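Here is the structure we will look at.
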Amino acid sequence: MESALVITGLGLTTGLGRGVDANWEALCAGRSGLREVASLDVSAYPIQLGGEAPPHREGSEADRRERAHTYLVQACREALSAAGIEETVPVPARASLVLGSSLAAQASAPLFWASYLAEGPGGAAYEHLRSYDLEPRIASLCATLGIQGEALLVSNACAAGASALALAGDLIRLGRTDLAVVAGFDALDLHTFSGFGGINALAPDTIRPFGSERQGMLLGDGFGALILEREESARAAGRRPLARLLGYGESSDAHHLTQPDPEGKGAALAMRRALAAAERTPDDVEYINCHSTATPSNDIAEARAMRGVFGERLAEIPIGASKPAVGHTLGGAGAVEGVITLLTMLRGTLPPILNAGDVDPECGELDLVREPRDAALRTAMSNSFGFGGCNTSLLFGRCEEPS
Amino acid sequence: MNAQVLITGMGVVAPPPQSTAEAGEVALPAADTGGAALWARLCAQASSLSPSPPTRKGLEMPPACVFEKPFKAEKHVSVRAIRKATDAARYAVVAAQRCLEDAVFAPDADERLATSVVLGTCFGCSAYYLKFHESVLRRGPKGANAVLFTESVFNAAPGHVSMANQLHGASLAIAGGEEAGLSAILAAFDRIRVGGAQAAVTGGVEEYSDLVHASLRSEDRVGAQLDGLAGERSGPFAEGAAVLLLQEASLATQHNGLAYAELLGGARARPASPGDPGAVVRAAQSACAQAGVELEEIDLVVGGGGGGPRTQVELAALAELFPPTRSRTVPLTAPQALLGEGFAFTSAALAVVAAQALSRAAIPPTLRGAGLPTPWPEKLRCPTQAAEERALERVLVVATSTPGAAVALVLGRAPQGMARG
C-alpha cells in the first residue's frame with residue numbers, strides 16, 4: 001500500500017499580505033486585498049483595482065520586475081521553513097521543484113516595446129525578451145533554494161498552481177523524488193490587465209461569486225507554496241504532516257479555448273477523478289473552495305459541475321471563495337486557494353466570502369460562507385479551472401496521528 | 001502503478017527540406033508531417049534551412065529552419081477552431097492528427113476520457129503574445145485584441161489538440177528551455193504510469209517569431225548555419241512540432257497492437273552550477289535505474305545537442321557515463337545538428353528518432369558539418385556518413401537546456417509480436 005502524500009509546509013503571499021498568518025488573519029477578518037494598483041501604470045485603464053502584494057521595496061522598473069521572483073522565493077522559503085527546512089537544515093538531496101504559472105511573471109515585454117518604439121528594431125533592447133524563456137528563472141530558483149532534483153513548470157492557465165501539485169504527486173509516487181517544493185504563482189501584469197479588460201472579464205468594483213449581480217473578476221498577485229512528501233519519510237525526518245493530499249483529478253473540457261463547457265462536464269470529471277483517486281465518495285466532502293471567477297458563464301458552469309457531482313447535497317456543503325479577497329491570481333490560484341483550503345482545515349474556521357450577495361438562481365442553491373464559521377473539517381476540495389479547458393481538482397484530508 | 005507504456009504513433013510537422021542535393025536515392029516527401037519523413041530527412045541529410053520569413057522593417061534575420069511560406073494547416077485538418085490559432089497550435093494540431101492516424105487510434109468515448117495531452121514549449125505562442133503587447137503599447141487599452149490575448153496563452157497548443165480530438169484527459173503545457181519537449185514526454189509517461197491516463201498525445205512545439213529570433217541572436221544562442229557538433233553555437237532557430245502517442249500496453253493491444261518502442265524509464269536533474277555535466281549524468285543514471293537497465297546495455301544515444309556549449313556539456317557527461325573501461329563503444333546520433341535549434345520541438349524529435357531507430361534497427365547519421373569536437377569521448381562514436389543498420393535493444397535519449405537542466409529517457413524495443421516493421 002502506498003504511503004500517503006502529505007503537506008508539511010505552507011507559504012503564501014497575496015494582496016492580503018506576506019506570509020500565511022497575515023493572509024489568514026485578513027481572510028477571517030473579512031478584509032479585502034483589492035486596491036488601486038500602484039506597481040503598474042494602469043492610469044489609462046477604466047479599471048484600476050487589483051490585489052497587489054505589499055511592496056518589498058520602492059524602486060525602479062527593474063526592481064519591479066524582480067518583485068515576482070522575490071515573492072516566489074519568499075513563499076517557497078516560508079513553506080520550507082514551516083516544514084523545518086531552513087538554512088541550517090538543507091533541502092534533501094532528492095528534492096524537486098514543481099511550479100505552476102500562467103505567465104511566470106513575465107513583466108519585461110513592456111520594457112522591450114518601450115525600447116522598440118523609441119529606438120526602432122535596430123536599437124531595441126532584445127535582452128528584455130529573454131525572460132520569455134522560463135528555464136533560466138527555474139534555474140535561478142533551484143539555485144536559490146538548493147534544489148538539484150527534478151524541476152518543471154506547468155503552464156495550463158488558471159489551473160496551473162493546482163496542476164503543479166498533481167505533477168509533484170506523480171513524481172513522488174513514482175519514487176523519483178522524496179520531497180517536492182510546489183509553487184503556483186503569477187504577478188499582476190500589464191498583459192493580463194489589458195487582456196482580461198479587453199475581453200470584458202474585469203469587474204468595475206468587486207468580485208461577487210455566484211452572485212446575481214456579478215460582473216467578473218479583478219486580478220491579483222498570488223504566490224502559494226506547499227511542501228509535498230510521503231508521510232512515512234516526513235515522519236522519519238521529524239517533519240510534522242499538516243494534512244494529506246488524498247487525491248487529485250485533472251481533465252480537459254475539449255470544448256472551447258476560453259469558454260467553459262456550459263454543463264461543466266469537464267470540471268465535474270476532474271472532481272470525480274480526485275474523489276476516485278482518494279477512494280472517497282461525494283458524501284465525504286465537507287467544504288469546497290471553488291474557482292468562481294464571477295464571470296457570468298463560468299460560475300453557472302461551475303455550479304452545474306458541482307451539482308452534477310454532489311447532487312442535492314451540494315446545498316449543504318459550505319462553499320468558500322478566495323478571489324473576492326485576493327483577486328484572481330491566475331496561475332497562482334490553484335496553489336493560493338489550495339493553501340487557503342488547507343488553512344481552513346487546519347485552523348478550524350471557514351473564512352467568509354467577501355461580497356457574497358444573492359445567489360444567481362441559475363447557479364441553484366449554494367451554501368456560500370458569508371460569516372466566519374467554526375468547522376472541524378476532515379475532507380475538503382479545492383477546484384481550479386482555466387483557459388484551454390483545463391480543470392484540476394484537489395482533495396485534502398486531515399492528517400490523523402499514527403496509532 | 002508502473003503500467004507498461006508503448007510508443008504507438010508519431011506525427012511531425014517540420015518545414016520542408018530545402019536541398020535534396022545529398023538525398024541520393026532517398027525519397028523525400030513534400031509534406032513533412034510524419035516520423036518516416038523525418039527519418040528520411042535525417043538519412044538524406046536534407047535540412048530545411050531557408051531564408052527567414054519576412055520580418056519587420058529594419059530587422060534583418062539570418063536563415064533559420066522555418067516555414068518560408070505560411071504552413072497550410074487546413075490542407076491537413078478541417079478544424080474550424082484553429083483558423084485564428086497561432087502557428088504553434090496549428091503545428092501541434094496537425095502533428096497530433098498525424099500521430100493518431102499513424103497509431104490507427106480512433107478512441108471511443110471512454111478512451112477519449114482517459115487520453116491526455118502534454119506538450120512542451122519554450123516560447124509558447126510568442127508571435128501573438130508580442131503582437132498583443134505591441135498593440136497595447138501603441139494604442140493603450142483599445143489595443144487589447146481579444147484573439148491575440150486568448151490565443152497566446154501558453155497552453156493554447158495542447159488546448160487546441162484536446163479540442164480537435166475531443167480528448168478529455170489532462171491538457172498541459174510544460175514550459176521550459178531546450179529540453180521542454182522531452183520533459184513533456186516524461187510528464188505524460190509519468191501520468192500513465194501512475195494510472196492517471198491510459199494514453200497521451202505528447203511532445204514539443206515551437207513557432208517562429210522574428211523578435212524572439214532577434215533576442216536569441218542577441219545572446220548568441222542560435223547560429224545562422226548548420227555547423228554540426230563542432231560548431232561554436234547551436235544551429236539556426238527552428239520551428240515545428242514533434243508528437244508521440246503513448247499508450248498503456250493493454251490499451252494498445254485493443255487497437256492495432258503495434259508499437260515503435262517501449263518507454264522504460266526517465267528522469268530530470270538540475271546542475272550544481274552552469275556548465276556542470278553532473279545533471280545529465282544523474283538524469284541518465286536515474287532513468288536507467290528506473291528502467292532496470294545498466295548503462296552497459298545502452299546500444300545508442302540520441303542527443304548531443306546541435307553544437308555549441310550544450311554539446312560540450314552533453315559530451316562531457318557522456319564521457320563520464322561511458323568511460324574507457326566500457327567494453328564496447330556506443331553510437332551517438334544528434335538529429336539537432338540537422339534540424340536546427342527548435343527547443344521543445346527538437347528535444348521531442350529526439351524521442352521520435354529514438355523510437356524510429358528501434359523499430360527500423362538502424363541509426364541515422366549525424367550531419368557532419370565542421371566535423372566532431374575534440375577531445376571526443378573514447379567510447380563514443382558518431383556515424384556521419386550514412387544510416388547504419390544495427391539491431392538495437394536499449395536507447396538513451398538526453399536533452400539539456402542552456403542553464404543546464406537535463407532530461408533523460410530510456411526506450412526499449414517494442415514487446416515481441418507488437419513491433420512495427
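In the C-alpha cells, chains take the letters A, B, ... in the order shown, each chain's residues start at 1, and ligands count up from 1 in the order shown.
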
All residues 10 Å or closer to region 221-226 of chain B, only C-alpha atoms, same chain fewer than 5 positions away omitted, as a ChimeraX atom specification: /B:47,49-50,61-65,213-216,231-238,306-309,336-342,367-370,402

What are the closest atom pairs, with distances in Å to one decimal, for each residue of chain B lying within 7 Å of chain A, using only C-alpha atoms, rows by chain and rising residue number, as JSON lines?
```
{"residue": "B:Gly58", "atom": "CA", "partner": "A:Pro121", "partner_atom": "CA", "distance": 5.9}
{"residue": "B:Leu59", "atom": "CA", "partner": "A:Pro121", "partner_atom": "CA", "distance": 5.7}
{"residue": "B:Cys122", "atom": "CA", "partner": "A:Asp133", "partner_atom": "CA", "distance": 5.8}
{"residue": "B:Phe123", "atom": "CA", "partner": "A:Asp133", "partner_atom": "CA", "distance": 6.3}
{"residue": "B:His133", "atom": "CA", "partner": "A:His191", "partner_atom": "CA", "distance": 6.8}
{"residue": "B:Glu134", "atom": "CA", "partner": "A:Trp113", "partner_atom": "CA", "distance": 6.4}
{"residue": "B:Gly140", "atom": "CA", "partner": "A:Ala44", "partner_atom": "CA", "distance": 6.9}
{"residue": "B:Pro141", "atom": "CA", "partner": "A:Ser194", "partner_atom": "CA", "distance": 5.9}
{"residue": "B:Ala144", "atom": "CA", "partner": "A:Gly198", "partner_atom": "CA", "distance": 5.1}
{"residue": "B:Asn145", "atom": "CA", "partner": "A:Gly198", "partner_atom": "CA", "distance": 6.5}
{"residue": "B:Ala146", "atom": "CA", "partner": "A:Ile199", "partner_atom": "CA", "distance": 5.7}
{"residue": "B:Phe149", "atom": "CA", "partner": "A:Gly195", "partner_atom": "CA", "distance": 5.6}
{"residue": "B:Thr150", "atom": "CA", "partner": "A:Thr258", "partner_atom": "CA", "distance": 6.9}
{"residue": "B:Val153", "atom": "CA", "partner": "A:Ala157", "partner_atom": "CA", "distance": 6.9}
{"residue": "B:Phe154", "atom": "CA", "partner": "A:Ser155", "partner_atom": "CA", "distance": 6.2}
{"residue": "B:Asn155", "atom": "CA", "partner": "A:Asn156", "partner_atom": "CA", "distance": 5.3}
{"residue": "B:Ala156", "atom": "CA", "partner": "A:Gly388", "partner_atom": "CA", "distance": 5.9}
{"residue": "B:Gly159", "atom": "CA", "partner": "A:Gly388", "partner_atom": "CA", "distance": 4.3}
{"residue": "B:Ser162", "atom": "CA", "partner": "A:Ala254", "partner_atom": "CA", "distance": 5.2}
{"residue": "B:Met163", "atom": "CA", "partner": "A:Ala254", "partner_atom": "CA", "distance": 3.9}
{"residue": "B:Gln166", "atom": "CA", "partner": "A:Ala254", "partner_atom": "CA", "distance": 5.3}
{"residue": "B:Leu167", "atom": "CA", "partner": "A:Ala254", "partner_atom": "CA", "distance": 6.2}
{"residue": "B:His168", "atom": "CA", "partner": "A:Ser252", "partner_atom": "CA", "distance": 4.5}
{"residue": "B:Gly169", "atom": "CA", "partner": "A:Ser251", "partner_atom": "CA", "distance": 4.6}
{"residue": "B:Ala170", "atom": "CA", "partner": "A:Ser251", "partner_atom": "CA", "distance": 4.3}
{"residue": "B:Ser171", "atom": "CA", "partner": "A:Ser252", "partner_atom": "CA", "distance": 5.7}
{"residue": "B:Leu172", "atom": "CA", "partner": "A:Asn156", "partner_atom": "CA", "distance": 5.4}
{"residue": "B:Ala173", "atom": "CA", "partner": "A:Ser155", "partner_atom": "CA", "distance": 5.2}
{"residue": "B:Ile174", "atom": "CA", "partner": "A:Val154", "partner_atom": "CA", "distance": 4.6}
{"residue": "B:Ala175", "atom": "CA", "partner": "A:Leu153", "partner_atom": "CA", "distance": 5.5}
{"residue": "B:Gly176", "atom": "CA", "partner": "A:Glu135", "partner_atom": "CA", "distance": 4.8}
{"residue": "B:Gly177", "atom": "CA", "partner": "A:Glu135", "partner_atom": "CA", "distance": 4.9}
{"residue": "B:Asp190", "atom": "CA", "partner": "A:Asp170", "partner_atom": "CA", "distance": 6.4}
{"residue": "B:Arg191", "atom": "CA", "partner": "A:Asp170", "partner_atom": "CA", "distance": 6.6}
{"residue": "B:Val194", "atom": "CA", "partner": "A:Asp170", "partner_atom": "CA", "distance": 6.5}
{"residue": "B:Val212", "atom": "CA", "partner": "A:Leu129", "partner_atom": "CA", "distance": 6.9}
{"residue": "B:Ala214", "atom": "CA", "partner": "A:Tyr126", "partner_atom": "CA", "distance": 6.9}
{"residue": "B:Ser215", "atom": "CA", "partner": "A:Tyr126", "partner_atom": "CA", "distance": 4.8}
{"residue": "B:Ser218", "atom": "CA", "partner": "A:Tyr126", "partner_atom": "CA", "distance": 6.8}
{"residue": "B:Arg268", "atom": "CA", "partner": "A:Glu150", "partner_atom": "CA", "distance": 4.8}
{"residue": "B:Ala269", "atom": "CA", "partner": "A:Glu150", "partner_atom": "CA", "distance": 4.8}
{"residue": "B:Arg270", "atom": "CA", "partner": "A:Gln148", "partner_atom": "CA", "distance": 4.7}
{"residue": "B:Pro271", "atom": "CA", "partner": "A:Gln148", "partner_atom": "CA", "distance": 6.3}
{"residue": "B:Ala272", "atom": "CA", "partner": "A:Gln148", "partner_atom": "CA", "distance": 6.6}
{"residue": "B:Pro403", "atom": "CA", "partner": "A:Pro136", "partner_atom": "CA", "distance": 5.9}
```

Per DSSP on the backbone, filter region 25-127 of chain A down to the residues in alpha helix (DSSP H) and report them as a PyMOL selection string. chain A and resi 25-28+61-82+109-119

Sel. of strand (DSSP E) residues, region 7-145 of chain B, as a ChimeraX atom specification: /B:7-13,49-50,64-65,115-121

Would you list the contacts of Leu242 (chain A) as a PyMOL selection string, taking every protein, DNA or RNA residue within 9 Å and counting only C-alpha atoms, but skipping same-chain residues closer than 6 positions in sequence? chain A and resi 6-9+342+346+398-399

Residues near Arg239 (chain A), cut-off 10 Å, only C-alpha atoms, skip fewer than 6 positions along chain, as JSON, numbers by chain: {"A": [7, 8, 9, 82, 83, 84, 85, 229, 231, 232, 233]}

Report as a list in words all protein, DNA and RNA residues lying within 9 Å of region 395-397 of chain A, evaluated on only C-alpha atoms, omitting residues in the same chain fewer than 4 positions from it.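 So, after excluding close chain neighbours, the residues are Ala243, Arg244, Leu245, Leu246, Gly247, Tyr248, Gly249, Met271, Ala274, Leu275, Ala278, Val285, Gly338, Thr341, Leu342, Met345, Leu377, Arg378, Thr379, Ala380, Met381, Ser382 and Asn383 of chain A.
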
Residues at most 9 Å from Gly33 (chain A), counting only C-alpha atoms, excluding those fewer than 2 positions away in the same chain, as a list in words? Thr14, Gly15, Leu16, Gly17, Ala26, Arg31, Arg35, Gly50, Gly51, Glu52, Ala53, Gly220, Pro324, Ala325, Val326 and Gly327 of chain A

For Ala37 (chain B), which of B:Val77, B:Ala414, B:Ala405, B:Val353 is the closest residue, counting only C-alpha atoms? B:Val353

Identify, on the basis of only C-alpha atoms, every residue whose closest approach to region 299-304 of chain B does not exceed 8 Å; exclude the query and any residue fewer than 3 positions from it along the same chain; express the result as a CSV table (one decimal) with N, CA, C and O atoms, in the first residue's frame.
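Written out: selection_5.csv:
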```csv
chain,number,residue,atom,x,y,z
B,229,LEU,N,28.2,19.3,-34.7
B,229,LEU,CA,28.5,19.3,-33.3
B,229,LEU,C,29.7,20.1,-32.9
B,229,LEU,O,29.9,20.6,-31.8
B,307,GLY,N,25.5,21.5,-31.4
B,307,GLY,CA,26.7,22.3,-31.4
B,307,GLY,C,26.7,23.3,-30.3
B,307,GLY,O,25.6,23.5,-29.7
B,310,ARG,N,26.1,23.6,-25.2
B,310,ARG,CA,25.3,22.4,-24.7
B,310,ARG,C,25.9,21.1,-25.2
B,310,ARG,O,25.8,20.1,-24.5
B,311,THR,N,26.4,21.1,-26.4
B,311,THR,CA,27.0,19.9,-26.9
B,311,THR,C,28.2,19.6,-26.0
B,311,THR,O,28.5,18.4,-25.7
B,314,GLU,N,27.0,18.0,-22.8
B,314,GLU,CA,26.4,16.6,-23.0
B,314,GLU,C,27.6,15.6,-23.3
B,314,GLU,O,27.5,14.5,-22.8
B,315,LEU,N,28.5,16.1,-24.1
B,315,LEU,CA,29.6,15.1,-24.4
B,315,LEU,C,30.5,14.8,-23.2
B,315,LEU,O,30.9,13.7,-23.0
B,330,VAL,N,29.7,3.1,-27.9
B,330,VAL,CA,28.2,3.3,-28.1
B,330,VAL,C,28.1,4.4,-29.1
B,330,VAL,O,28.8,5.5,-29.1
B,331,PRO,N,27.2,4.2,-30.1
B,331,PRO,CA,27.0,5.2,-31.1
B,331,PRO,C,26.1,6.4,-30.6
B,331,PRO,O,25.2,6.2,-29.8
B,332,LEU,N,26.4,7.5,-31.1
B,332,LEU,CA,25.6,8.7,-30.8
B,332,LEU,C,25.0,9.3,-32.1
B,332,LEU,O,25.8,9.4,-33.1
B,333,THR,N,23.8,9.6,-32.1
B,333,THR,CA,23.2,10.3,-33.2
B,333,THR,C,22.6,11.6,-32.7
B,333,THR,O,22.0,11.6,-31.7
B,334,ALA,N,22.9,12.7,-33.4
B,334,ALA,CA,22.5,14.0,-32.9
B,334,ALA,C,21.6,14.7,-34.0
B,334,ALA,O,22.1,15.5,-34.8
B,335,PRO,N,20.3,14.4,-34.0
B,335,PRO,CA,19.4,15.0,-35.0
B,335,PRO,C,19.4,16.5,-35.0
B,335,PRO,O,19.1,17.1,-36.1
B,336,GLN,N,19.6,17.1,-33.9
B,336,GLN,CA,19.6,18.6,-33.9
B,336,GLN,C,20.6,19.3,-34.8
B,336,GLN,O,20.5,20.4,-35.1
B,350,LEU,N,13.9,14.2,-30.7
B,350,LEU,CA,14.9,13.2,-30.3
B,350,LEU,C,14.2,11.8,-29.9
B,350,LEU,O,14.7,10.8,-30.3
B,351,ALA,N,13.1,11.9,-29.2
B,351,ALA,CA,12.4,10.7,-28.9
B,351,ALA,C,11.7,10.0,-30.1
B,351,ALA,O,11.7,8.8,-30.2
B,353,VAL,N,13.0,10.1,-33.1
B,353,VAL,CA,14.2,9.5,-33.8
B,353,VAL,C,14.6,8.2,-33.0
B,353,VAL,O,14.8,7.1,-33.7
B,354,ALA,N,14.6,8.2,-31.7
B,354,ALA,CA,14.9,7.0,-31.0
B,354,ALA,C,14.0,5.9,-31.2
B,354,ALA,O,14.4,4.7,-31.4
B,392,LEU,N,18.9,-2.9,-32.3
B,392,LEU,CA,19.0,-2.1,-31.1
B,392,LEU,C,18.0,-2.6,-30.0
B,392,LEU,O,16.9,-2.9,-30.4
B,393,GLU,N,18.5,-2.6,-28.8
B,393,GLU,CA,17.6,-3.1,-27.7
B,393,GLU,C,17.2,-1.9,-26.8
B,393,GLU,O,16.1,-1.8,-26.3
B,394,ARG,N,18.2,-1.1,-26.5
B,394,ARG,CA,18.0,0.0,-25.5
B,394,ARG,C,18.6,1.3,-26.0
B,394,ARG,O,19.8,1.3,-26.4
B,395,VAL,N,17.9,2.3,-25.9
B,395,VAL,CA,18.3,3.6,-26.4
B,395,VAL,C,18.2,4.7,-25.3
B,395,VAL,O,17.1,4.7,-24.7
B,396,LEU,N,19.2,5.4,-25.1
B,396,LEU,CA,19.2,6.5,-24.1
B,396,LEU,C,19.0,7.8,-24.9
B,396,LEU,O,19.7,8.1,-25.8
B,397,VAL,N,18.0,8.6,-24.5
B,397,VAL,CA,17.8,9.9,-25.1
B,397,VAL,C,18.1,11.0,-24.0
B,397,VAL,O,17.6,10.9,-22.9
B,398,VAL,N,18.9,12.0,-24.4
B,398,VAL,CA,19.2,13.1,-23.4
B,398,VAL,C,19.0,14.4,-24.1
B,398,VAL,O,19.3,14.6,-25.3
B,399,ALA,N,18.5,15.3,-23.3
B,399,ALA,CA,18.4,16.7,-23.8
B,399,ALA,C,18.7,17.6,-22.6
B,399,ALA,O,18.4,17.3,-21.4
```
